[in-house]
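Student: I'd like to ask some things about the structure below.
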Amino acid sequence: MTPPEPGCDLFVDAADPDAVLAELSTHLGVPPSYSHLSPPGFEVRVGRNRLADGAGADSDDFLDWPTLVEVSARPGEDLTTFVAALTTALRTAGHRVAAVD
């Protein structure tokens, strides 16, 4: 049995998931395919946070932030460094970000 791919979720305070997808596409240098990015060794999906209760980006509770970035890494890839770089890029763009394993 193959172990599951390691992954991490990033909750982002951005109201527009498409804008976050574009920002990450530019950061990673890969074109999006619908709501997905596929840099070597990783898969990134950007979409609406289905856990959000409508409080939106003004909430201090990251579970209410409207955008969710789901990251998975193929075995042997450095998920921690990759997620740290995504978090830095999103924070540089002005977003609050919370990473959850």
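Starting from 1 in every chain, residues are counted up; chains themselves are A, B, ... following the order of the structure tokens, and ligands are numbered from 1 as listed.
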Counting only C-alpha atoms, what is within 6 Å of range 83-97 of chain A, bar same-chain residues fewer than 5 positions away, as a list in words?

Tutor: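 What passes the distance filter is Phe11, Val12 and Asp13 of chain A.
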
Student: For those residues, write N, CA and C atoms to a file as an mmCIF file, in the first residue's frame.

Tutor:
data_model
loop_
_atom_site.group_PDB
_atom_site.id
_atom_site.type_symbol
_atom_site.label_atom_id
_atom_site.label_comp_id
_atom_site.auth_asym_id
_atom_site.auth_seq_id
_atom_site.Cartn_x
_atom_site.Cartn_y
_atom_site.Cartn_z
ATOM 1 N N PHE A 11 -5.359 28.682 4.248
ATOM 2 C CA PHE A 11 -6.546 29.527 4.278
ATOM 3 C C PHE A 11 -6.075 30.948 3.987
ATOM 4 N N VAL A 12 -6.733 31.598 3.017
ATOM 5 C CA VAL A 12 -6.277 32.907 2.540
ATOM 6 C C VAL A 12 -7.415 33.911 2.677
ATOM 7 N N ASP A 13 -7.088 35.117 3.112
ATOM 8 C CA ASP A 13 -8.103 36.143 3.347
ATOM 9 C C ASP A 13 -8.585 36.841 2.084
#

Student: Mind the document's chain letters and residue numbers, and return as a list in words the residues of range 8-88 of chain A that DSSP labels alpha helix (DSSP H).

Tutor: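 So, restricting range 8-88 of chain A to alpha helix (DSSP H), we get Pro17, Asp18, Ala19, Val20, Leu21, Ala22, Glu23, Leu24, Ser25, Thr26, His27, Leu28, Leu79, Thr80, Thr81, Phe82, Val83, Ala84, Ala85, Leu86, Thr87 and Thr88 of chain A.
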
Student: Between A:Pro66, A:Gly41, A:Pro17, A:Pro75, which one has atoms that come closest to Glu5 in chain A, using only C-alpha atoms?

Tutor: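 Nearest candidate to Glu5 in chain A out of A:Pro66, A:Gly41, A:Pro17, A:Pro75: A:Pro75.
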
Student: I need the strand (DSSP E or B) residues of chain A per DSSP on the backbone, written as a PyMOL selection string.

Tutor: chain A and resi 7-12+33+36-37+42-48+67-73+97-100

Student: Pick the closest to Leu68 in chain A from A:Cys8, A:Ala52, A:Ala98, A:Val46: which is it, counting only C-alpha atoms?

Tutor: A:Val46

Student: Select, from A:Thr67, A:Ser35, A:Ser72, A:Thr81, the residue with the minimum atom-to-atom distance to Leu21 in chain A, counting only C-alpha atoms.

Tutor: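 So, comparing all the options, the nearest one is A:Ser35.
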
Student: Compile the contact shell of Gly47 in chain A as number ranges by chain: residues with an atom at most 12 Å away, counting only C-alpha atoms, same-chain residues fewer than 2 positions apart removed.

Tutor: A: 9-12, 14-22, 34-37, 44-45, 49-52, 65-71

Student: Write out as JSON, numbers by chain which residues come within 9 Å of Phe82 in chain A when counting only C-alpha atoms, dropping same-chain ones fewer than 5 positions away.

Tutor: {"A": [42, 73, 77, 87]}

Student: CA of Asp101 in chain A and CA of Asp78 in chain A are how many Å apart?

Tutor: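 One can read the CA of Asp101 in chain A to CA of Asp78 in chain A distance as 13.8 Å.
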
Student: What is the CA of Asp61 in chain A to CA of Leu28 in chain A distance in Å?

Tutor: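 Between CA of Asp61 in chain A and CA of Leu28 in chain A the gap is 27.6 Å.
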